[in-house]
file protein_36.cif (mmCIF, C-alpha atoms and all ligand atoms)
data_structure
#
loop_
_atom_site.group_PDB
_atom_site.id
_atom_site.type_symbol
_atom_site.label_atom_id
_atom_site.label_comp_id
_atom_site.auth_asym_id
_atom_site.auth_seq_id
_atom_site.Cartn_x
_atom_site.Cartn_y
_atom_site.Cartn_z
ATOM 1 C CA MET A 13 -17.403 28.835 -13.639
ATOM 2 C CA ASP A 14 -19.074 25.461 -13.663
ATOM 3 C CA ILE A 15 -22.840 25.810 -13.455
ATOM 4 C CA ILE A 16 -23.586 22.152 -12.913
ATOM 5 C CA GLY A 17 -25.033 21.355 -9.525
ATOM 6 C CA GLN A 18 -25.825 24.938 -8.677
ATOM 7 C CA ALA A 19 -29.024 26.880 -8.423
ATOM 8 C CA PHE A 20 -28.584 28.340 -11.867
ATOM 9 C CA THR A 21 -30.392 31.345 -13.257
ATOM 10 C CA PRO A 22 -29.924 33.235 -16.523
ATOM 11 C CA HIS A 23 -28.792 36.101 -14.330
ATOM 12 C CA ARG A 24 -26.189 33.942 -12.650
ATOM 13 C CA ALA A 25 -25.104 32.656 -16.038
ATOM 14 C CA GLN A 26 -24.405 36.174 -17.147
ATOM 15 C CA LEU A 27 -22.500 36.894 -13.980
ATOM 16 C CA SER A 28 -20.473 33.741 -14.250
ATOM 17 C CA GLY A 29 -19.816 34.053 -17.955
ATOM 18 C CA ALA A 30 -21.561 30.743 -18.642
ATOM 19 C CA LYS A 31 -23.208 30.933 -22.049
ATOM 20 C CA THR A 32 -24.998 27.675 -22.576
ATOM 21 C CA VAL A 33 -26.730 25.001 -20.567
ATOM 22 C CA PRO A 34 -24.956 21.676 -20.995
ATOM 23 C CA GLU A 35 -27.000 19.611 -23.450
ATOM 24 C CA THR A 36 -27.146 16.668 -21.067
ATOM 25 C CA TYR A 37 -29.121 18.637 -18.519
ATOM 26 C CA LYS A 38 -31.524 20.487 -20.727
ATOM 27 C CA ARG A 39 -34.431 18.118 -20.346
ATOM 28 C CA TYR A 40 -34.603 18.474 -16.601
ATOM 29 C CA PHE A 41 -33.056 21.846 -16.264
ATOM 30 C CA HIS A 42 -34.588 24.839 -14.627
ATOM 31 C CA ARG A 43 -33.213 28.008 -13.144
ATOM 32 C CA GLY A 44 -33.144 28.403 -9.399
ATOM 33 C CA ILE A 45 -35.203 31.516 -9.080
ATOM 34 C CA SER A 46 -38.337 31.483 -11.168
ATOM 35 C CA VAL A 47 -40.170 34.361 -12.750
ATOM 36 C CA LYS A 48 -43.774 33.334 -12.513
ATOM 37 C CA THR A 49 -46.164 34.465 -15.232
ATOM 38 C CA ILE A 50 -49.695 33.834 -16.292
ATOM 39 C CA GLU A 51 -51.379 35.045 -19.439
ATOM 40 C CA LEU A 52 -55.122 35.177 -19.481
ATOM 41 C CA PRO A 53 -57.393 37.001 -21.908
ATOM 42 C CA ASN A 54 -59.253 40.193 -21.097
ATOM 43 C CA SER A 55 -57.341 40.956 -18.003
ATOM 44 C CA THR A 56 -54.824 43.369 -16.666
ATOM 45 C CA SER A 57 -51.401 42.117 -15.683
ATOM 46 C CA THR A 58 -49.988 43.071 -12.363
ATOM 47 C CA THR A 59 -46.747 42.267 -10.711
ATOM 48 C CA THR A 60 -46.045 41.322 -7.168
ATOM 49 C CA THR A 61 -43.458 39.392 -5.263
ATOM 50 C CA ALA A 62 -43.708 36.579 -2.801
ATOM 51 C CA ARG A 63 -41.290 34.865 -0.548
ATOM 52 C CA ARG A 64 -40.788 31.201 -1.050
ATOM 53 C CA ALA A 65 -39.538 30.886 2.504
ATOM 54 C CA GLU A 66 -43.112 31.311 3.681
ATOM 55 C CA HIS A 67 -43.756 27.809 2.464
ATOM 56 C CA THR A 68 -40.886 26.074 4.125
ATOM 57 C CA ASN A 69 -43.230 24.166 6.391
ATOM 58 C CA LEU A 70 -45.153 22.714 3.487
ATOM 59 C CA ALA A 71 -42.022 21.643 1.671
ATOM 60 C CA ALA A 72 -40.553 20.215 4.848
ATOM 61 C CA ALA A 73 -43.757 18.315 5.519
ATOM 62 C CA ALA A 74 -43.556 17.018 2.002
ATOM 63 C CA GLY A 75 -40.300 15.256 2.610
ATOM 64 C CA GLY A 76 -37.505 17.620 3.456
ATOM 65 C CA GLU A 77 -36.546 21.098 2.374
ATOM 66 C CA ARG A 78 -33.882 20.703 -0.280
ATOM 67 C CA ASP A 79 -34.792 23.880 -2.034
ATOM 68 C CA GLN A 80 -32.456 26.679 -1.115
ATOM 69 C CA LEU A 81 -34.413 29.338 -2.955
ATOM 70 C CA THR A 82 -35.313 32.465 -1.114
ATOM 71 C CA SER A 83 -37.641 34.502 -3.242
ATOM 72 C CA PHE A 84 -39.318 34.730 -6.588
ATOM 73 C CA GLU A 85 -41.166 37.249 -8.603
ATOM 74 C CA VAL A 86 -44.735 36.745 -9.688
ATOM 75 C CA HIS A 87 -46.382 38.305 -12.701
ATOM 76 C CA MET A 88 -50.026 37.471 -12.747
ATOM 77 C CA ALA A 89 -53.389 38.351 -14.128
ATOM 78 C CA SER A 90 -56.870 37.279 -13.228
ATOM 79 C CA SER A 91 -59.283 35.556 -15.560
ATOM 80 C CA THR A 92 -62.269 36.741 -13.603
ATOM 81 C CA THR A 93 -61.436 40.224 -12.408
ATOM 82 C CA ASP A 94 -58.970 42.957 -13.128
ATOM 83 C CA ALA A 95 -57.443 42.489 -9.729
ATOM 84 C CA ALA A 96 -54.367 40.345 -9.252
ATOM 85 C CA ASP A 97 -55.168 36.676 -8.843
ATOM 86 C CA ASP A 98 -53.463 35.491 -5.700
ATOM 87 C CA ARG A 99 -53.964 31.863 -6.641
ATOM 88 C CA ILE A 100 -50.908 31.908 -8.886
ATOM 89 C CA PRO A 101 -48.246 32.749 -6.298
ATOM 90 C CA ARG A 102 -49.839 30.261 -3.908
ATOM 91 C CA ILE A 103 -49.664 27.513 -6.523
ATOM 92 C CA ALA A 104 -46.111 28.482 -7.439
ATOM 93 C CA SER A 105 -45.023 28.361 -3.830
ATOM 94 C CA THR A 106 -46.107 24.741 -3.449
ATOM 95 C CA ILE A 107 -43.883 23.464 -6.246
ATOM 96 C CA ARG A 108 -40.694 22.079 -4.845
ATOM 97 C CA VAL A 109 -37.437 22.321 -6.752
ATOM 98 C CA ILE A 110 -35.202 19.332 -6.173
ATOM 99 C CA GLN A 111 -31.589 19.933 -7.002
ATOM 100 C CA ASP A 112 -29.680 17.268 -8.932
ATOM 101 C CA PHE A 113 -32.631 15.023 -9.752
ATOM 102 C CA PRO A 114 -32.641 12.756 -11.673
ATOM 103 C CA LYS A 115 -29.100 13.741 -12.647
ATOM 104 C CA PRO A 116 -26.501 16.156 -11.309
ATOM 105 C CA GLY A 117 -27.158 19.708 -12.427
ATOM 106 C CA ILE A 118 -30.860 19.274 -13.002
ATOM 107 C CA GLN A 119 -33.368 21.294 -11.029
ATOM 108 C CA PHE A 120 -36.428 19.107 -10.960
ATOM 109 C CA GLN A 121 -39.785 20.858 -10.690
ATOM 110 C CA ASP A 122 -41.645 18.571 -8.316
ATOM 111 C CA ILE A 123 -45.415 18.971 -8.594
ATOM 112 C CA THR A 124 -46.102 16.273 -5.994
ATOM 113 C CA THR A 125 -45.857 18.950 -3.289
ATOM 114 C CA LEU A 126 -48.564 20.919 -5.088
ATOM 115 C CA LEU A 127 -50.775 17.809 -4.844
ATOM 116 C CA LEU A 128 -50.284 17.729 -1.064
ATOM 117 C CA ASP A 129 -52.026 21.095 -0.835
ATOM 118 C CA PRO A 130 -55.687 20.562 -1.791
ATOM 119 C CA ARG A 131 -56.335 24.267 -2.098
ATOM 120 C CA ALA A 132 -53.414 24.853 -4.457
ATOM 121 C CA PHE A 133 -54.326 21.755 -6.474
ATOM 122 C CA LYS A 134 -57.939 22.882 -6.770
ATOM 123 C CA ASP A 135 -56.890 26.426 -7.659
ATOM 124 C CA ALA A 136 -54.709 25.110 -10.475
ATOM 125 C CA ILE A 137 -57.550 22.994 -11.863
ATOM 126 C CA ASP A 138 -60.009 25.883 -11.488
ATOM 127 C CA LEU A 139 -57.750 28.262 -13.406
ATOM 128 C CA PHE A 140 -57.663 25.871 -16.338
ATOM 129 C CA VAL A 141 -61.397 25.187 -16.209
ATOM 130 C CA GLU A 142 -62.222 28.900 -16.046
ATOM 131 C CA ARG A 143 -60.173 29.450 -19.172
ATOM 132 C CA TYR A 144 -61.592 26.575 -21.230
ATOM 133 C CA LYS A 145 -65.135 25.983 -20.043
ATOM 134 C CA ASP A 146 -66.754 28.049 -22.803
ATOM 135 C CA GLN A 147 -64.537 26.899 -25.654
ATOM 136 C CA ASN A 148 -66.517 23.831 -26.731
ATOM 137 C CA ILE A 149 -63.692 21.478 -25.870
ATOM 138 C CA ASN A 150 -64.838 17.877 -25.843
ATOM 139 C CA VAL A 151 -61.453 16.110 -25.578
ATOM 140 C CA VAL A 152 -58.855 16.577 -22.871
ATOM 141 C CA ALA A 153 -55.721 14.703 -23.927
ATOM 142 C CA GLY A 154 -53.369 14.065 -21.007
ATOM 143 C CA ILE A 155 -49.734 13.106 -21.450
ATOM 144 C CA GLU A 156 -48.239 10.271 -19.422
ATOM 145 C CA ALA A 157 -47.492 10.418 -16.573
ATOM 146 C CA ARG A 158 -48.020 13.776 -14.942
ATOM 147 C CA GLY A 159 -50.585 14.931 -17.479
ATOM 148 C CA PHE A 160 -52.732 12.116 -16.050
ATOM 149 C CA ILE A 161 -52.882 14.029 -12.759
ATOM 150 C CA PHE A 162 -54.106 17.366 -14.100
ATOM 151 C CA GLY A 163 -56.037 16.257 -17.183
ATOM 152 C CA PRO A 164 -58.861 14.147 -15.675
ATOM 153 C CA PRO A 165 -60.185 16.730 -13.175
ATOM 154 C CA ILE A 166 -60.181 19.347 -15.929
ATOM 155 C CA ALA A 167 -62.023 16.965 -18.253
ATOM 156 C CA LEU A 168 -64.626 16.085 -15.614
ATOM 157 C CA ALA A 169 -65.268 19.720 -14.753
ATOM 158 C CA MET A 170 -65.807 20.560 -18.423
ATOM 159 C CA GLY A 171 -67.847 17.486 -19.311
ATOM 160 C CA ALA A 172 -65.170 16.429 -21.807
ATOM 161 C CA LYS A 173 -63.737 12.978 -22.361
ATOM 162 C CA PHE A 174 -60.226 12.215 -21.158
ATOM 163 C CA VAL A 175 -57.836 10.585 -23.619
ATOM 164 C CA PRO A 176 -54.527 9.206 -22.327
ATOM 165 C CA MET A 177 -51.462 9.766 -24.522
ATOM 166 C CA ARG A 178 -49.167 6.979 -23.417
ATOM 167 C CA LYS A 179 -45.617 5.765 -23.664
ATOM 168 C CA PRO A 180 -45.071 2.833 -26.067
ATOM 169 C CA LYS A 181 -46.596 -0.602 -25.430
ATOM 170 C CA LYS A 182 -48.872 0.504 -22.596
ATOM 171 C CA LEU A 183 -52.197 0.762 -24.382
ATOM 172 C CA PRO A 184 -53.873 -2.605 -24.994
ATOM 173 C CA GLY A 185 -55.928 -1.747 -28.061
ATOM 174 C CA GLU A 186 -54.946 -0.725 -31.556
ATOM 175 C CA VAL A 187 -52.855 2.442 -31.444
ATOM 176 C CA ILE A 188 -51.515 5.169 -33.631
ATOM 177 C CA SER A 189 -48.134 6.490 -32.622
ATOM 178 C CA GLU A 190 -45.919 9.461 -33.153
ATOM 179 C CA GLU A 191 -42.159 9.607 -32.697
ATOM 180 C CA TYR A 192 -40.510 12.615 -31.186
ATOM 181 C CA SER A 193 -36.966 13.655 -30.516
ATOM 182 C CA LEU A 194 -35.349 13.840 -27.136
ATOM 183 C CA GLU A 195 -31.923 15.306 -26.518
ATOM 184 C CA TYR A 196 -30.470 11.954 -27.462
ATOM 185 C CA GLY A 197 -32.461 9.614 -29.631
ATOM 186 C CA THR A 198 -36.210 9.440 -29.953
ATOM 187 C CA ASP A 199 -39.281 8.387 -28.013
ATOM 188 C CA LYS A 200 -42.803 7.486 -29.027
ATOM 189 C CA MET A 201 -46.265 8.492 -27.901
ATOM 190 C CA GLU A 202 -49.343 6.369 -28.488
ATOM 191 C CA MET A 203 -53.105 6.900 -28.520
ATOM 192 C CA HIS A 204 -55.921 4.412 -28.972
ATOM 193 C CA VAL A 205 -57.503 4.281 -32.406
ATOM 194 C CA GLY A 206 -61.111 5.430 -32.084
ATOM 195 C CA ALA A 207 -60.552 7.425 -28.890
ATOM 196 C CA VAL A 208 -61.089 10.654 -30.794
ATOM 197 C CA GLN A 209 -63.002 11.547 -33.925
ATOM 198 C CA SER A 210 -62.199 13.923 -36.736
ATOM 199 C CA GLY A 211 -63.597 17.380 -36.030
ATOM 200 C CA GLU A 212 -63.421 17.126 -32.247
ATOM 201 C CA ARG A 213 -61.855 19.946 -30.268
ATOM 202 C CA ALA A 214 -59.033 19.038 -27.907
ATOM 203 C CA LEU A 215 -57.040 20.540 -25.083
ATOM 204 C CA VAL A 216 -53.636 18.914 -24.477
ATOM 205 C CA VAL A 217 -52.608 18.880 -20.805
ATOM 206 C CA ASP A 218 -49.265 18.189 -19.172
ATOM 207 C CA ASP A 219 -47.570 19.331 -15.998
ATOM 208 C CA LEU A 220 -44.583 20.941 -17.672
ATOM 209 C CA ILE A 221 -43.124 22.029 -20.993
ATOM 210 C CA ALA A 222 -39.356 21.939 -21.323
ATOM 211 C CA THR A 223 -38.058 21.445 -24.887
ATOM 212 C CA GLY A 224 -41.585 21.074 -26.238
ATOM 213 C CA GLY A 225 -40.904 17.718 -27.915
ATOM 214 C CA THR A 226 -43.580 15.911 -25.924
ATOM 215 C CA LEU A 227 -46.349 18.419 -26.534
ATOM 216 C CA SER A 228 -45.520 18.782 -30.210
ATOM 217 C CA ALA A 229 -45.828 14.996 -30.637
ATOM 218 C CA ALA A 230 -49.215 15.049 -28.915
ATOM 219 C CA ILE A 231 -50.407 17.815 -31.240
ATOM 220 C CA ARG A 232 -49.248 15.892 -34.321
ATOM 221 C CA LEU A 233 -50.920 12.704 -33.120
ATOM 222 C CA LEU A 234 -54.278 14.411 -32.634
ATOM 223 C CA GLU A 235 -54.094 16.454 -35.831
ATOM 224 C CA ARG A 236 -53.283 13.341 -37.886
ATOM 225 C CA VAL A 237 -56.759 12.049 -37.116
ATOM 226 C CA GLY A 238 -58.462 15.356 -37.813
ATOM 227 C CA VAL A 239 -58.825 16.670 -34.270
ATOM 228 C CA HIS A 240 -58.563 20.422 -33.767
ATOM 229 C CA VAL A 241 -56.110 21.163 -30.961
ATOM 230 C CA VAL A 242 -57.429 24.336 -29.401
ATOM 231 C CA GLU A 243 -54.521 24.894 -27.012
ATOM 232 C CA CYS A 244 -51.904 23.200 -24.851
ATOM 233 C CA ALA A 245 -52.028 23.802 -21.098
ATOM 234 C CA CYS A 246 -49.272 23.207 -18.563
ATOM 235 C CA VAL A 247 -48.720 24.144 -14.959
ATOM 236 C CA ILE A 248 -45.051 25.019 -15.555
ATOM 237 C CA GLU A 249 -42.992 26.276 -18.474
ATOM 238 C CA LEU A 250 -39.198 26.314 -18.559
ATOM 239 C CA PRO A 251 -38.929 29.252 -20.945
ATOM 240 C CA GLU A 252 -35.185 29.126 -21.375
ATOM 241 C CA LEU A 253 -35.590 25.841 -23.237
ATOM 242 C CA LYS A 254 -37.836 27.542 -25.806
ATOM 243 C CA GLY A 255 -40.288 24.655 -26.000
ATOM 244 C CA ARG A 256 -42.990 27.093 -27.027
ATOM 245 C CA ASP A 257 -41.162 27.605 -30.328
ATOM 246 C CA ARG A 258 -41.613 23.932 -31.195
ATOM 247 C CA LEU A 259 -45.379 24.222 -31.005
ATOM 248 C CA GLY A 260 -45.526 26.419 -34.097
ATOM 249 C CA ASP A 261 -48.600 28.591 -33.980
ATOM 250 C CA LYS A 262 -50.389 26.360 -31.479
ATOM 251 C CA PRO A 263 -51.227 28.403 -28.373
ATOM 252 C CA LEU A 264 -49.688 27.416 -25.063
ATOM 253 C CA PHE A 265 -51.134 28.486 -21.735
ATOM 254 C CA VAL A 266 -49.111 28.093 -18.546
ATOM 255 C CA LEU A 267 -49.681 29.061 -14.964
ATOM 256 C CA ILE A 268 -46.028 29.436 -14.017
ATOM 257 C CA SER A 269 -43.152 30.372 -16.266
HETATM 258 O O1 LIG B 1 -40.980 19.483 -23.167
HETATM 259 P P1 LIG B 1 -40.204 18.220 -23.070
HETATM 260 O O2 LIG B 1 -38.715 18.429 -23.185
HETATM 261 O O3 LIG B 1 -40.685 17.186 -24.041
HETATM 262 O O4 LIG B 1 -40.362 17.649 -21.609
HETATM 263 C C1 LIG B 1 -41.580 17.688 -20.898
HETATM 264 C C2 LIG B 1 -41.999 16.329 -20.472
HETATM 265 O O5 LIG B 1 -41.019 15.800 -19.561
HETATM 266 C C3 LIG B 1 -41.701 15.323 -18.403
HETATM 267 O O6 LIG B 1 -42.151 14.036 -18.555
HETATM 268 P P2 LIG B 1 -41.185 12.763 -18.564
HETATM 269 O O7 LIG B 1 -40.814 12.439 -19.981
HETATM 270 O O8 LIG B 1 -40.083 13.002 -17.603
HETATM 271 O O9 LIG B 1 -42.130 11.592 -18.112
HETATM 272 P P3 LIG B 1 -42.953 11.317 -16.755
HETATM 273 O O10 LIG B 1 -44.053 12.347 -16.688
HETATM 274 O O11 LIG B 1 -43.475 9.947 -17.012
HETATM 275 O O12 LIG B 1 -42.004 11.401 -15.600
HETATM 276 C C4 LIG B 1 -42.890 16.248 -18.285
HETATM 277 O O13 LIG B 1 -43.906 15.683 -17.467
HETATM 278 C C5 LIG B 1 -43.319 16.423 -19.705
HETATM 279 O O14 LIG B 1 -44.197 15.396 -20.153
HETATM 280 N N1 LIG B 2 -36.800 20.412 -14.856
HETATM 281 C C1 LIG B 2 -37.802 19.538 -14.946
HETATM 282 N N2 LIG B 2 -38.527 19.252 -13.840
HETATM 283 C C2 LIG B 2 -39.535 18.339 -13.900
HETATM 284 N N3 LIG B 2 -39.887 17.691 -15.022
HETATM 285 C C3 LIG B 2 -39.197 17.956 -16.145
HETATM 286 N N4 LIG B 2 -39.336 17.484 -17.414
HETATM 287 C C4 LIG B 2 -38.380 18.081 -18.170
HETATM 288 N N5 LIG B 2 -37.632 18.929 -17.440
HETATM 289 C C5 LIG B 2 -38.141 18.880 -16.163
#

call {"tool": "encode", "arguments": {"input": "protein_36.cif", "output": "structure tokens"}}
result
Amino acid sequence: MDIIGQAFTPHRAQLSGAKTVPETYKRYFHRGISVKTIELPNSTSTTTTARRAEHTNLAAAAGGERDQLTSFEVHMASSTTDAADDRIPRIASTIRVIQDFPKPGIQFQDITTLLLDPRAFKDAIDLFVERYKDQNINVVAGIEARGFIFGPPIALAMGAKFVPMRKPKKLPGEVISEEYSLEYGTDKMEMHVGAVQSGERALVVDDLIATGGTLSAAIRLLERVGVHVVECACVIELPELKGRDRLGDKPLFVLIS
């Protein structure tokens, strides 16, 4: 059975006999029905379920409901209490999945619909700030482009500086750069010389981890100049792509996986 162009889940793959995700689609691939998880310290995990259909109006208002998903499971834990944190399923429900973007077979996790919901956007930022506010982080490094949306409010709330990690030839000053591999070929990430100092403590922020190539390049770039990367933080993880494995022993915190 051809899995391209369908709402694909590991479960469906097993049913259909499909064993691998076509290499071409890995970078933008995600299963149709998400298992949402959050890991926070000193808390008790609970499990609940939520219906994505409840948020049809939001998605429709955001430009048309192309997401055919019906339900998802939410595993969540609270950073502040032992009770379940209902912010996570609310945030998860605002993320629209666009089928076949930017290529056939890819299920694009569209965080722009999260941004249309000020409460969900604020909740996402708050969850990160609650986790990091007492960890003496003085650098928030955000990865172009969507890391520039989540990184600055986190940095401002924590009193940290924001450092943009940009695609090649965008930064005007002297840069250091780090190559990283994509599915085909390589890309480069750049940071201004002097933006960070040896010994500083950084949080790396992006919207999503897929293969982990982008985040691992950001870690290398910061560590080359002596910065301690405390953790990487993303809104979404695509766990089937095993990006976490590419980060070595560097911790990764995600809201939705
Ligand atoms: O874990 P990886 O396989 O490296 O993929 C994750 C990266 O892919 C997306 O960015 P993209 O390169 O599409 O750039 P954009 O944010 O400018 O659209 C996403 O925002 C992450 O930065
Ligand atoms: N499935 C996906 N959705 C959105 N951004 C991505 N970056 C890599 N894979 C992605």

call {"tool": "atom_distance", "arguments": {"input": "protein_36.cif", "atom1": "atom CA of Leu128 of chain A", "atom2": "atom O10 of ligand LIG 1 (chain B)"}}
result
17.7 Å

call {"tool": "closest_residue", "arguments": {"input": "protein_36.cif", "among": "A:Glu243, A:Glu252, A:Glu190, A:Asp122", "to": "ligand LIG 2 (chain B)", "atoms": "only C-alpha atoms and all ligand atoms"}}
result
A:Asp122

call {"tool": "atom_distance", "arguments": {"input": "protein_36.cif", "atom1": "atom CA of Ile155 of chain A", "atom2": "atom CA of Ser193 of chain A"}}
result
15.7 Å

call {"tool": "resolve_selection", "arguments": {"input": "protein_36.cif", "expression": "the PyMOL selection byres (((chain A and resi 241) around 7) and not hetatm)", "output": "short mmCIF file (atom, residue, chain, number, x, y, z; two decimals) with C-alpha atoms, keeping the file's coordinate frame"}}
result
data_model
loop_
_atom_site.label_atom_id
_atom_site.label_comp_id
_atom_site.auth_asym_id
_atom_site.auth_seq_id
_atom_site.Cartn_x
_atom_site.Cartn_y
_atom_site.Cartn_z
CA ARG A 213 -61.86 19.95 -30.27
CA ALA A 214 -59.03 19.04 -27.91
CA LEU A 215 -57.04 20.54 -25.08
CA ILE A 231 -50.41 17.82 -31.24
CA VAL A 239 -58.82 16.67 -34.27
CA HIS A 240 -58.56 20.42 -33.77
CA VAL A 242 -57.43 24.34 -29.40
CA GLU A 243 -54.52 24.89 -27.01
#

call {"tool": "closest_atom_pairs", "arguments": {"input": "protein_36.cif", "of": "chain A", "to": "ligand LIG 1 (chain B)", "cutoff": "9 Å", "atoms": "only C-alpha atoms and all ligand atoms", "output": "tab-separated table"}}
result
residue	atom	partner	partner_atom	distance
A:Lys38	CA	B:LIG1	O2	7.9
A:Arg39	CA	B:LIG1	O2	5.1
A:Tyr40	CA	B:LIG1	O5	7.6
A:Ile155	CA	B:LIG1	O14	6.1
A:Glu156	CA	B:LIG1	O11	5.3
A:Ala157	CA	B:LIG1	O10	3.9
A:Arg158	CA	B:LIG1	O10	4.6
A:Gly159	CA	B:LIG1	O13	6.7
A:Phe160	CA	B:LIG1	O10	8.7
A:Lys179	CA	B:LIG1	O11	8.1
A:Tyr192	CA	B:LIG1	O3	8.5
A:Ser193	CA	B:LIG1	O3	8.3
A:Leu194	CA	B:LIG1	O2	6.9
A:Glu195	CA	B:LIG1	O2	8.2
A:Asp218	CA	B:LIG1	O14	5.9
A:Asp219	CA	B:LIG1	O13	5.4
A:Leu220	CA	B:LIG1	C4	5.0
A:Ile221	CA	B:LIG1	O1	4.0
A:Ala222	CA	B:LIG1	O1	3.5
A:Thr223	CA	B:LIG1	O2	3.5
A:Gly224	CA	B:LIG1	O1	3.5
A:Gly225	CA	B:LIG1	O3	3.9
A:Thr226	CA	B:LIG1	O3	3.7
A:Leu227	CA	B:LIG1	O3	6.3
A:Ser228	CA	B:LIG1	O3	8.0
A:Ala229	CA	B:LIG1	O3	8.6
A:Glu249	CA	B:LIG1	O1	8.5
A:Leu250	CA	B:LIG1	O1	8.4
A:Leu253	CA	B:LIG1	O2	8.0
A:Gly255	CA	B:LIG1	O1	5.9
A:Arg256	CA	B:LIG1	O1	8.8

call {"tool": "write_last_selection", "arguments": {"input": "protein_36.cif", "atoms": "C-alpha atoms", "output": "compact mmCIF listing (two decimals), in the coordinates of the input"}}
result
# COMPACT_ATOMS: atom_id res chain seq x y z
CA LYS A 38 -31.52 20.49 -20.73
CA ARG A 39 -34.43 18.12 -20.35
CA TYR A 40 -34.60 18.47 -16.60
CA ILE A 155 -49.73 13.11 -21.45
CA GLU A 156 -48.24 10.27 -19.42
CA ALA A 157 -47.49 10.42 -16.57
CA ARG A 158 -48.02 13.78 -14.94
CA GLY A 159 -50.58 14.93 -17.48
CA PHE A 160 -52.73 12.12 -16.05
CA LYS A 179 -45.62 5.76 -23.66
CA TYR A 192 -40.51 12.62 -31.19
CA SER A 193 -36.97 13.66 -30.52
CA LEU A 194 -35.35 13.84 -27.14
CA GLU A 195 -31.92 15.31 -26.52
CA ASP A 218 -49.26 18.19 -19.17
CA ASP A 219 -47.57 19.33 -16.00
CA LEU A 220 -44.58 20.94 -17.67
CA ILE A 221 -43.12 22.03 -20.99
CA ALA A 222 -39.36 21.94 -21.32
CA THR A 223 -38.06 21.44 -24.89
CA GLY A 224 -41.58 21.07 -26.24
CA GLY A 225 -40.90 17.72 -27.92
CA THR A 226 -43.58 15.91 -25.92
CA LEU A 227 -46.35 18.42 -26.53
CA SER A 228 -45.52 18.78 -30.21
CA ALA A 229 -45.83 15.00 -30.64
CA GLU A 249 -42.99 26.28 -18.47
CA LEU A 250 -39.20 26.31 -18.56
CA LEU A 253 -35.59 25.84 -23.24
CA GLY A 255 -40.29 24.66 -26.00
CA ARG A 256 -42.99 27.09 -27.03

call {"tool": "closest_residue", "arguments": {"input": "protein_36.cif", "among": "A:Val247, A:Met177, A:Ala172, A:Val141", "to": "Glu212 of chain A", "atoms": "all atoms listed in the file"}}
result
A:Ala172

call {"tool": "resolve_selection", "arguments": {"input": "protein_36.cif", "expression": "the PyMOL selection byres (((chain A and resi 203-206) around 8) and not hetatm)", "output": "ChimeraX atom specification"}}
result
/A:175-178,183,185-189,201-202,207-209,233

call {"tool": "closest_residue", "arguments": {"input": "protein_36.cif", "among": "A:Asp138, A:Ser105, A:Asp97, A:Gly117", "to": "ligand LIG 2 (chain B)", "atoms": "only C-alpha atoms and all ligand atoms"}}
result
A:Gly117

call {"tool": "resolve_selection", "arguments": {"input": "protein_36.cif", "expression": "the PyMOL selection byres (((chain A and resi 102) around 10) and not hetatm)", "output": "ChimeraX atom specification"}}
result
/A:62,64,67,97-101,103-107,126,129,131-133,135-136

call {"tool": "atom_distance", "arguments": {"input": "protein_36.cif", "atom1": "atom CA of Gly238 of chain A", "atom2": "atom CA of Phe162 of chain A"}}
result
24.2 Å

call {"tool": "closest_residue", "arguments": {"input": "protein_36.cif", "among": "A:Cys246, A:Leu127, A:Ala230, A:Ile118", "to": "ligand LIG 2 (chain B)", "atoms": "all atoms listed in the file"}}
result
A:Ile118

call {"tool": "residues_around", "arguments": {"input": "protein_36.cif", "residues": "Ala245 of chain A", "least_positions_apart": "5", "cutoff": "8 Å", "atoms": "only C-alpha atoms", "output": "number ranges by chain"}}
result
A: 140, 215-218, 264-266

call {"tool": "axis_aligned_box", "arguments": {"input": "protein_36.cif", "around": "ligand LIG 2 (chain B)", "padding_each_side": "3 Å", "output": "JSON"}}
result
{"center_x": -38.3, "center_y": 18.9, "center_z": -16.0, "size_x": 9.1, "size_y": 8.9, "size_z": 10.3}

call {"tool": "closest_residue", "arguments": {"input": "protein_36.cif", "among": "A:Thr198, A:Gln147, A:Gln121, A:Ser210", "to": "ligand LIG 2 (chain B)", "atoms": "all atoms listed in the file"}}
result
A:Gln121

call {"tool": "closest_residue", "arguments": {"input": "protein_36.cif", "among": "A:Ile161, A:Val237, A:Ile149, A:Ile248", "to": "ligand LIG 2 (chain B)", "atoms": "all atoms listed in the file"}}
result
A:Ile248

call {"tool": "decode", "arguments": {"input": "protein_36.cif", "residues": "segment 145-149 of chain A", "atoms": "N, CA, C and O atoms", "output": "PDB file, in the first residue's frame"}}
result
ATOM      1  N   LYS A 145      13.137  29.402  34.092  1.00  0.00           N
ATOM      2  CA  LYS A 145      13.376  30.708  34.720  1.00  0.00           C
ATOM      3  C   LYS A 145      14.401  30.656  35.858  1.00  0.00           C
ATOM      4  O   LYS A 145      15.045  31.666  36.128  1.00  0.00           O
ATOM      5  N   ASP A 146      14.554  29.505  36.492  1.00  0.00           N
ATOM      6  CA  ASP A 146      15.519  29.424  37.597  1.00  0.00           C
ATOM      7  C   ASP A 146      16.781  28.658  37.221  1.00  0.00           C
ATOM      8  O   ASP A 146      17.454  28.095  38.075  1.00  0.00           O
ATOM      9  N   GLN A 147      17.096  28.633  35.939  1.00  0.00           N
ATOM     10  CA  GLN A 147      18.261  27.844  35.510  1.00  0.00           C
ATOM     11  C   GLN A 147      19.428  28.708  35.042  1.00  0.00           C
ATOM     12  O   GLN A 147      20.319  28.230  34.335  1.00  0.00           O
ATOM     13  N   ASN A 148      19.413  29.968  35.443  1.00  0.00           N
ATOM     14  CA  ASN A 148      20.523  30.882  35.125  1.00  0.00           C
ATOM     15  C   ASN A 148      20.871  30.896  33.643  1.00  0.00           C
ATOM     16  O   ASN A 148      22.048  30.896  33.267  1.00  0.00           O
ATOM     17  N   ILE A 149      19.850  30.888  32.822  1.00  0.00           N
ATOM     18  CA  ILE A 149      20.090  30.959  31.375  1.00  0.00           C
ATOM     19  C   ILE A 149      20.173  32.421  30.974  1.00  0.00           C
ATOM     20  O   ILE A 149      19.290  33.216  31.301  1.00  0.00           O
TER      21      ILE A 149
END
